[in-house]
file entry_37.txt (compact mmCIF, C-alpha atoms)
# COMPACT_ATOMS: atom_id res chain seq x y z
CA PHE A 1 -82.36 -3.91 -56.43
CA SER A 2 -79.77 -3.15 -59.06
CA ALA A 3 -76.50 -4.97 -58.57
CA CYS A 4 -72.98 -4.23 -59.73
CA GLY A 5 -74.15 -1.56 -62.15
CA CYS A 6 -74.63 -4.24 -64.82
CA THR A 7 -76.82 -3.02 -67.67
CA PRO A 8 -78.77 -5.00 -70.32
CA ALA A 9 -76.51 -3.48 -72.99
CA LEU A 10 -73.40 -4.79 -71.27
CA LEU A 11 -74.93 -8.23 -70.89
CA ALA A 12 -75.99 -8.30 -74.53
CA MET A 13 -72.53 -7.28 -75.67
CA ALA A 14 -70.93 -9.93 -73.51
CA ALA A 15 -73.30 -12.61 -74.75
CA SER A 16 -72.65 -11.87 -78.43
CA ALA A 17 -68.86 -11.72 -78.23
CA SER A 18 -66.35 -14.50 -77.90
CA PRO A 19 -64.63 -14.78 -74.50
CA ASP A 20 -61.38 -13.43 -75.93
CA ASP A 21 -63.11 -10.30 -77.24
CA VAL A 22 -64.82 -9.39 -73.96
CA PRO A 23 -62.80 -7.21 -71.58
CA ARG A 24 -62.03 -8.85 -68.28
CA ALA A 25 -63.97 -6.22 -66.33
CA VAL A 26 -67.11 -6.89 -68.37
CA ARG A 27 -66.77 -10.67 -67.93
CA GLU A 28 -66.39 -10.22 -64.19
CA GLU A 29 -69.40 -7.93 -64.12
CA GLU A 30 -71.44 -10.47 -66.06
CA ASP A 31 -70.34 -13.27 -63.71
CA SER A 32 -71.17 -11.13 -60.70
CA MET A 33 -74.67 -10.40 -62.00
CA ALA A 34 -75.26 -14.06 -62.80
CA LYS A 35 -74.24 -15.07 -59.27
CA TYR A 36 -76.42 -12.33 -57.81
CA LEU A 37 -79.46 -13.56 -59.72
CA ARG A 38 -78.85 -17.22 -58.83
CA MET A 39 -78.60 -16.54 -55.12
CA ALA A 40 -81.91 -16.65 -53.25
CA LYS A 41 -82.20 -13.51 -51.13
CA ILE A 42 -84.30 -12.15 -48.27
CA ASP A 43 -84.81 -8.48 -47.44
CA MET A 44 -86.43 -8.23 -44.04
CA HIS A 45 -86.83 -4.45 -43.90
CA ILE A 46 -88.63 -2.64 -46.69
CA HIS A 47 -91.52 -0.18 -46.72
CA ALA A 48 -94.16 -1.02 -49.31
CA ASN A 49 -95.91 2.32 -49.04
CA THR A 50 -97.49 2.26 -52.48
CA PRO A 51 -100.03 0.12 -54.32
CA ASP A 52 -97.64 -0.02 -57.28
CA PRO A 53 -96.25 -3.59 -57.49
CA THR A 54 -93.23 -2.66 -59.65
CA PHE A 55 -90.74 -2.85 -56.78
CA LEU A 56 -92.03 -6.23 -55.64
CA GLU A 57 -92.06 -7.63 -59.17
CA GLN A 58 -88.46 -6.52 -59.74
CA ALA A 59 -87.44 -8.08 -56.45
CA GLN A 60 -88.99 -11.38 -57.49
CA GLU A 61 -87.19 -11.22 -60.84
CA ASP A 62 -83.95 -10.66 -58.90
CA ASN A 63 -84.64 -13.83 -56.87
CA PHE A 64 -85.71 -12.21 -53.61
CA VAL A 65 -87.75 -15.06 -52.17
CA ARG A 66 -88.98 -13.14 -49.14
CA LEU A 67 -89.56 -9.47 -48.35
CA MET A 68 -90.78 -7.99 -45.07
CA SER A 69 -92.66 -4.70 -45.16
CA MET A 70 -92.52 -2.62 -42.00
CA ASN A 71 -95.38 -0.30 -41.12
CA ALA A 72 -94.20 2.73 -39.17
CA PRO A 73 -95.85 5.90 -37.77
CA VAL A 74 -93.68 8.25 -39.82
CA PRO A 75 -95.42 11.65 -39.92
CA PHE A 76 -94.57 12.43 -43.54
CA TRP A 77 -95.72 9.01 -44.83
CA LYS A 78 -99.21 7.76 -45.50
CA SER A 79 -101.26 6.87 -42.43
CA ILE A 80 -100.77 3.55 -40.65
CA GLY A 81 -104.11 2.40 -42.06
CA ALA A 82 -103.14 3.28 -45.62
CA GLN A 83 -99.78 1.52 -45.25
CA TRP A 84 -101.56 -1.60 -44.04
CA ASP A 85 -104.03 -1.49 -46.94
CA TYR A 86 -101.22 -1.17 -49.51
CA VAL A 87 -99.43 -4.22 -48.12
CA ALA A 88 -102.67 -6.22 -47.83
CA ASP A 89 -103.38 -5.58 -51.51
CA LEU A 90 -99.85 -6.56 -52.54
CA ARG A 91 -99.99 -9.68 -50.36
CA ALA A 92 -103.27 -10.70 -51.99
CA ARG A 93 -101.51 -10.61 -55.36
CA HIS A 94 -98.10 -11.97 -54.36
CA GLY A 95 -98.86 -14.19 -51.37
CA ALA A 96 -96.12 -15.46 -49.09
CA ALA A 97 -93.38 -13.55 -50.92
CA LEU A 98 -94.32 -10.46 -48.89
CA GLY A 99 -94.59 -10.49 -45.11
CA VAL A 100 -95.74 -7.62 -42.95
CA VAL A 101 -94.96 -6.14 -39.54
CA SER A 102 -97.63 -3.87 -38.12
CA THR A 103 -97.32 -0.87 -35.83
CA PHE A 104 -99.49 1.34 -33.63
CA SER A 105 -100.21 5.01 -33.06
CA VAL A 106 -99.69 6.97 -29.86
CA GLU A 107 -102.67 9.14 -30.72
CA GLY A 108 -104.99 9.28 -27.72
CA TRP A 109 -102.18 8.21 -25.36
CA SER A 110 -103.75 10.02 -22.39
CA GLU A 111 -107.15 8.39 -22.87
CA PRO A 112 -107.96 5.61 -20.39
CA ASN A 113 -108.74 3.07 -23.12
CA TRP A 114 -105.58 3.67 -25.20
CA VAL A 115 -103.93 0.38 -24.19
CA ASP A 116 -107.07 -1.71 -24.80
CA ARG A 117 -107.70 0.00 -28.12
CA THR A 118 -104.11 -0.55 -29.21
CA LEU A 119 -104.20 -4.22 -28.23
CA GLU A 120 -107.37 -4.72 -30.25
CA HIS A 121 -105.67 -3.11 -33.24
CA LEU A 122 -102.66 -5.40 -32.91
CA LYS A 123 -104.87 -8.47 -32.50
CA ALA A 124 -106.59 -7.60 -35.76
CA THR A 125 -103.27 -7.25 -37.58
CA PHE A 126 -102.04 -10.58 -36.17
CA ARG A 127 -105.22 -12.30 -37.34
CA ALA A 128 -104.57 -10.81 -40.77
CA GLY A 129 -101.04 -12.22 -40.89
CA ALA A 130 -98.71 -9.69 -39.27
CA LEU A 131 -95.56 -11.38 -38.00
CA GLY A 132 -94.65 -8.71 -35.49
CA VAL A 133 -94.94 -5.11 -34.37
CA LYS A 134 -92.60 -2.23 -35.03
CA ILE A 135 -91.92 0.64 -32.66
CA TRP A 136 -90.35 3.74 -34.14
CA LYS A 137 -88.15 6.61 -33.02
CA ASN A 138 -91.18 8.77 -32.20
CA LEU A 139 -90.75 7.02 -28.84
CA GLY A 140 -87.76 8.84 -27.44
CA MET A 141 -87.30 11.51 -30.09
CA GLU A 142 -90.68 12.98 -30.97
CA PHE A 143 -93.66 12.15 -28.77
CA ILE A 144 -93.94 14.28 -25.61
CA HIS A 145 -96.51 13.73 -22.86
CA GLU A 146 -96.86 16.02 -19.88
CA GLY A 147 -93.64 17.79 -20.78
CA LYS A 148 -91.49 14.66 -21.07
CA PHE A 149 -90.40 12.48 -23.95
CA VAL A 150 -92.10 9.10 -23.87
CA MET A 151 -89.30 6.53 -24.06
CA PRO A 152 -89.51 2.90 -25.27
CA ASP A 153 -89.41 1.62 -21.68
CA ASP A 154 -92.46 3.62 -20.56
CA PRO A 155 -94.58 1.41 -18.25
CA LYS A 156 -97.69 2.14 -20.31
CA LEU A 157 -96.13 0.13 -23.16
CA ASP A 158 -95.53 -2.98 -21.04
CA PRO A 159 -98.93 -4.57 -21.85
CA ILE A 160 -98.11 -4.13 -25.55
CA TYR A 161 -94.77 -5.90 -25.20
CA ASP A 162 -96.32 -8.61 -23.01
CA TYR A 163 -98.95 -9.29 -25.66
CA VAL A 164 -96.38 -9.49 -28.45
CA GLU A 165 -94.41 -12.00 -26.39
CA ARG A 166 -97.47 -14.12 -25.52
CA GLU A 167 -98.41 -14.32 -29.18
CA GLY A 168 -94.93 -15.46 -30.15
CA LYS A 169 -94.46 -12.45 -32.42
CA THR A 170 -91.40 -10.24 -32.86
CA LEU A 171 -90.91 -6.68 -31.72
CA VAL A 172 -88.91 -4.74 -34.30
CA ALA A 173 -87.50 -1.57 -32.77
CA HIS A 174 -86.10 1.54 -34.38
CA CYS A 175 -84.86 3.11 -31.15
CA GLY A 176 -82.79 6.25 -31.37
CA GLU A 177 -80.67 6.86 -34.44
CA PRO A 178 -77.11 6.16 -35.63
CA ARG A 179 -74.59 7.97 -33.47
CA ASN A 180 -73.89 10.28 -36.42
CA CYS A 181 -77.24 11.88 -35.63
CA TRP A 182 -75.64 13.72 -32.70
CA LEU A 183 -72.75 15.06 -34.80
CA PRO A 184 -72.53 18.07 -37.13
CA LEU A 185 -73.17 17.17 -40.76
CA CYS A 186 -69.51 17.74 -41.62
CA GLU A 187 -68.40 15.15 -39.05
CA MET A 188 -70.80 12.37 -40.05
CA THR A 189 -69.11 9.22 -41.30
CA THR A 190 -71.56 8.20 -44.06
CA ASN A 191 -73.19 10.09 -46.91
CA ASN A 192 -76.48 8.30 -46.21
CA ASP A 193 -76.71 9.82 -42.73
CA ARG A 194 -75.49 13.21 -43.93
CA ASP A 195 -78.14 13.36 -46.65
CA TYR A 196 -80.97 12.18 -44.40
CA PHE A 197 -80.30 14.57 -41.52
CA ARG A 198 -79.71 17.48 -43.88
CA ASP A 199 -83.17 16.82 -45.34
CA HIS A 200 -84.78 16.12 -41.96
CA PRO A 201 -83.34 18.61 -39.45
CA GLU A 202 -86.19 17.81 -37.06
CA TYR A 203 -84.42 14.48 -36.38
CA HIS A 204 -80.87 15.81 -36.42
CA MET A 205 -80.14 15.68 -32.70
CA HIS A 206 -77.05 17.87 -32.99
CA LEU A 207 -79.55 20.68 -33.53
CA HIS A 208 -81.66 19.65 -30.53
CA PRO A 209 -79.36 19.38 -27.50
CA ASP A 210 -82.37 19.49 -25.17
CA TYR A 211 -83.65 16.16 -26.54
CA PRO A 212 -82.64 12.81 -24.98
CA ALA A 213 -79.02 11.97 -25.78
CA TYR A 214 -77.87 8.94 -27.76
CA GLU A 215 -76.91 7.15 -24.53
CA GLU A 216 -80.38 7.78 -23.08
CA GLN A 217 -82.02 6.26 -26.16
CA ILE A 218 -79.92 3.09 -25.93
CA ALA A 219 -80.35 2.83 -22.15
CA ALA A 220 -84.16 3.10 -22.44
CA ARG A 221 -84.23 0.31 -24.99
CA ASP A 222 -82.07 -1.93 -22.83
CA ARG A 223 -84.22 -1.23 -19.76
CA MET A 224 -87.24 -2.32 -21.77
CA LEU A 225 -85.47 -5.55 -22.77
CA ALA A 226 -84.52 -6.21 -19.14
CA LYS A 227 -88.20 -6.00 -18.20
CA HIS A 228 -89.17 -8.43 -20.97
CA PRO A 229 -86.40 -11.05 -21.16
CA GLY A 230 -88.52 -13.50 -23.16
CA LEU A 231 -89.53 -11.00 -25.84
CA ARG A 232 -88.36 -11.87 -29.33
CA PHE A 233 -86.67 -8.68 -30.48
CA CYS A 234 -85.04 -7.34 -33.63
CA GLY A 235 -82.98 -4.15 -33.45
CA ALA A 236 -83.60 -2.30 -36.69
CA HIS A 237 -80.64 -0.64 -38.40
CA LEU A 238 -78.03 -2.61 -36.45
CA ALA A 239 -79.83 -1.58 -33.26
CA SER A 240 -78.27 1.90 -33.58
CA LEU A 241 -74.92 0.32 -32.63
CA GLU A 242 -73.50 0.58 -36.15
CA TRP A 243 -70.51 2.59 -34.93
CA SER A 244 -68.89 -0.32 -33.03
CA THR A 245 -68.96 -3.97 -34.02
CA ASP A 246 -67.35 -4.79 -30.67
CA ILE A 247 -70.20 -3.22 -28.71
CA LEU A 248 -72.79 -4.67 -31.07
CA GLY A 249 -71.23 -8.13 -30.70
CA LYS A 250 -71.22 -7.90 -26.91
CA TRP A 251 -74.84 -6.74 -26.89
CA LEU A 252 -75.88 -9.70 -29.06
CA GLY A 253 -73.79 -12.05 -26.92
CA ASP A 254 -75.50 -10.81 -23.77
CA HIS A 255 -78.93 -11.24 -25.40
CA PRO A 256 -78.80 -14.46 -27.46
CA HIS A 257 -82.52 -14.29 -28.32
CA LEU A 258 -82.12 -10.94 -30.09
CA CYS A 259 -81.13 -10.12 -33.65
CA VAL A 260 -80.48 -7.04 -35.78
CA ASP A 261 -81.12 -6.09 -39.37
CA LEU A 262 -78.71 -4.45 -41.79
CA SER A 263 -81.06 -1.89 -43.30
CA ASP A 264 -79.79 1.69 -43.73
CA PRO A 265 -76.43 1.55 -41.88
CA ALA A 266 -74.83 -0.93 -44.29
CA GLY A 267 -72.51 1.88 -45.40
CA ALA A 268 -71.10 2.00 -41.89
CA VAL A 269 -70.31 -1.71 -42.07

call {"tool": "encode", "arguments": {"input": "entry_37.txt", "output": "structure tokens"}}
result
Amino acid sequence: FSACGCTPALLAMAASASPDDVPRAVREEEDSMAKYLRMAKIDMHIHANTPDPTFLEQAQEDNFVRLMSMNAPVPFWKSIGAQWDYVADLRARHGAALGVVSTFSVEGWSEPNWVDRTLEHLKATFRAGALGVKIWKNLGMEFIHEGKFVMPDDPKLDPIYDYVEREGKTLVAHCGEPRNCWLPLCEMTTNNDRDYFRDHPEYHMHLHPDYPAYEEQIAARDRMLAKHPGLRFCGAHLASLEWSTDILGKWLGDHPHLCVDLSDPAGAV
């Protein structure tokens, strides 16, 4: 949560000097930092995947009045259970400053009790304070059942979405990826995407032409929304529509009960 590159040394120098002695750039930097600290802020998409409270404490010092930690079934992270335990411990110490969105695993998908077991898991997280459920890009880009990718609009997920809607919770969805994901690294428009997909070639769809295309990912999400018009929905990472504010605006206009968050693709904005 650093802002403007302002350092304690710069602030100390500015505070000890008369206004005429302080370079204009330093004064502007000091003013910018002061405004940043005065402004109450919310970050609705973080991942508190550690018991270390340093990040949360710094955020509170920087006047972040609300943070939302998203659990996600990322294979190279801690387990869903461990993620939940970390956030529960931090919430016990920091209270309402930290909210949480739970998630679920597709492990045991083919078992007849998978839906019931998943609903019981989500009920438990709601009772413990979860404000919603996150689905991740493993639906559409990773999880294969009977030779086919399971997409976000799979009928087996409908009872999950129905339950989230009945409970008045929010479904946060990381569906697909930024459109850069389907381009060669040299053609990507942001360093953030270039760095991520260089480090994670398993998700770089340019290298996997046999996987569902960008358009298929977006279409599956929109089919799911059409089946659940009353579902409160947040499209993570600008709903993977970061490449066109016109298309994003039309999508939001057509679905007035939806929202997006600005995490990750802010560089594209």

call {"tool": "residues_around", "arguments": {"input": "entry_37.txt", "residues": "range 208-224 of chain A", "least_positions_apart": "2", "cutoff": "6 Å", "atoms": "all atoms listed in the file", "output": "JSON, numbers by chain"}}
result
{"A": [152, 153, 176, 205, 206, 226, 227]}

call {"tool": "closest_atom_pairs", "arguments": {"input": "entry_37.txt", "of": "range 44-64 of chain A", "to": "range 259-262 of chain A", "cutoff": "12 Å", "atoms": "all atoms listed in the file", "output": "CSV"}}
result
residue,atom,partner,partner_atom,distance
A:Met44,CA,A:Asp261,CA,7.4
A:His45,CA,A:Asp261,CA,7.5
A:Ile46,CA,A:Asp261,CA,11.0

call {"tool": "atom_distance", "arguments": {"input": "entry_37.txt", "atom1": "CA of Ser79 in chain A", "atom2": "CA of Tyr161 in chain A"}}
result
22.4 Å

call {"tool": "axis_aligned_box", "arguments": {"input": "entry_37.txt", "around": "range 119-138 of chain A", "padding_each_side": "4 Å", "output": "JSON"}}
result
{"center_x": -97.8, "center_y": -1.8, "center_z": -34.6, "size_x": 27.2, "size_y": 29.1, "size_z": 20.7}

call {"tool": "closest_residue", "arguments": {"input": "entry_37.txt", "among": "A:Asn192, A:Leu225, A:Cys186, A:Asn180", "to": "His204 in chain A", "atoms": "only C-alpha atoms"}}
result
A:Asn180

call {"tool": "atom_distance", "arguments": {"input": "entry_37.txt", "atom1": "CA of Leu56 in chain A", "atom2": "CA of Val100 in chain A"}}
result
13.3 Å

call {"tool": "atom_distance", "arguments": {"input": "entry_37.txt", "atom1": "CA of Glu107 in chain A", "atom2": "CA of Trp182 in chain A"}}
result
27.5 Å

call {"tool": "closest_residue", "arguments": {"input": "entry_37.txt", "among": "A:Lys156, A:Lys41, A:Arg93, A:Arg127", "to": "Val115 in chain A", "atoms": "all atoms listed in the file"}}
result
A:Lys156

call {"tool": "closest_residue", "arguments": {"input": "entry_37.txt", "among": "A:Ile160, A:Ser110, A:Glu30, A:His121", "to": "Glu146 in chain A", "atoms": "all atoms listed in the file"}}
result
A:Ser110

call {"tool": "residues_near_point", "arguments": {"input": "entry_37.txt", "point": "(-90.0, -12.0, -44.3)", "cutoff": "12 Å", "atoms": "only C-alpha atoms", "output": "ChimeraX atom specification"}}
result
/A:41-46,64-70,91,95-101,129-132,170,261

call {"tool": "write_last_selection", "arguments": {"input": "entry_37.txt", "atoms": "C-alpha atoms", "output": "short mmCIF file (atom, residue, chain, number, x, y, z; two decimals), in the coordinates of the input"}}
result
data_model
loop_
_atom_site.label_atom_id
_atom_site.label_comp_id
_atom_site.auth_asym_id
_atom_site.auth_seq_id
_atom_site.Cartn_x
_atom_site.Cartn_y
_atom_site.Cartn_z
CA LYS A 41 -82.20 -13.51 -51.13
CA ILE A 42 -84.30 -12.15 -48.27
CA ASP A 43 -84.81 -8.48 -47.44
CA MET A 44 -86.43 -8.23 -44.04
CA HIS A 45 -86.83 -4.45 -43.90
CA ILE A 46 -88.63 -2.64 -46.69
CA PHE A 64 -85.71 -12.21 -53.61
CA VAL A 65 -87.75 -15.06 -52.17
CA ARG A 66 -88.98 -13.14 -49.14
CA LEU A 67 -89.56 -9.47 -48.35
CA MET A 68 -90.78 -7.99 -45.07
CA SER A 69 -92.66 -4.70 -45.16
CA MET A 70 -92.52 -2.62 -42.00
CA ARG A 91 -99.99 -9.68 -50.36
CA GLY A 95 -98.86 -14.19 -51.37
CA ALA A 96 -96.12 -15.46 -49.09
CA ALA A 97 -93.38 -13.55 -50.92
CA LEU A 98 -94.32 -10.46 -48.89
CA GLY A 99 -94.59 -10.49 -45.11
CA VAL A 100 -95.74 -7.62 -42.95
CA VAL A 101 -94.96 -6.14 -39.54
CA GLY A 129 -101.04 -12.22 -40.89
CA ALA A 130 -98.71 -9.69 -39.27
CA LEU A 131 -95.56 -11.38 -38.00
CA GLY A 132 -94.65 -8.71 -35.49
CA THR A 170 -91.40 -10.24 -32.86
CA ASP A 261 -81.12 -6.09 -39.37
#

call {"tool": "residues_around", "arguments": {"input": "entry_37.txt", "residues": "range 238-244 of chain A", "least_positions_apart": "2", "cutoff": "12 Å", "atoms": "all atoms listed in the file", "output": "PyMOL selection string"}}
result
chain A and resi 45+136-137+172-181+188-190+193+214-215+217-219+221-222+233-236+246-252+258-269

call {"tool": "closest_residue", "arguments": {"input": "entry_37.txt", "among": "A:Leu90, A:Val164, A:Met151, A:Ala34", "to": "His47 in chain A", "atoms": "only C-alpha atoms"}}
result
A:Leu90

call {"tool": "residues_around", "arguments": {"input": "entry_37.txt", "residues": "Gly108 in chain A", "least_positions_apart": "6", "cutoff": "12 Å", "atoms": "all atoms listed in the file", "output": "list of chain:residue names"}}
result
A:Trp114, A:Val115, A:Asp116, A:Arg117, A:Thr118, A:Phe143, A:His145

call {"tool": "residues_around", "arguments": {"input": "entry_37.txt", "residues": "Pro51 in chain A", "least_positions_apart": "3", "cutoff": "10 Å", "atoms": "only C-alpha atoms", "output": "PyMOL selection string"}}
result
chain A and resi 48+54+82-83+85-90
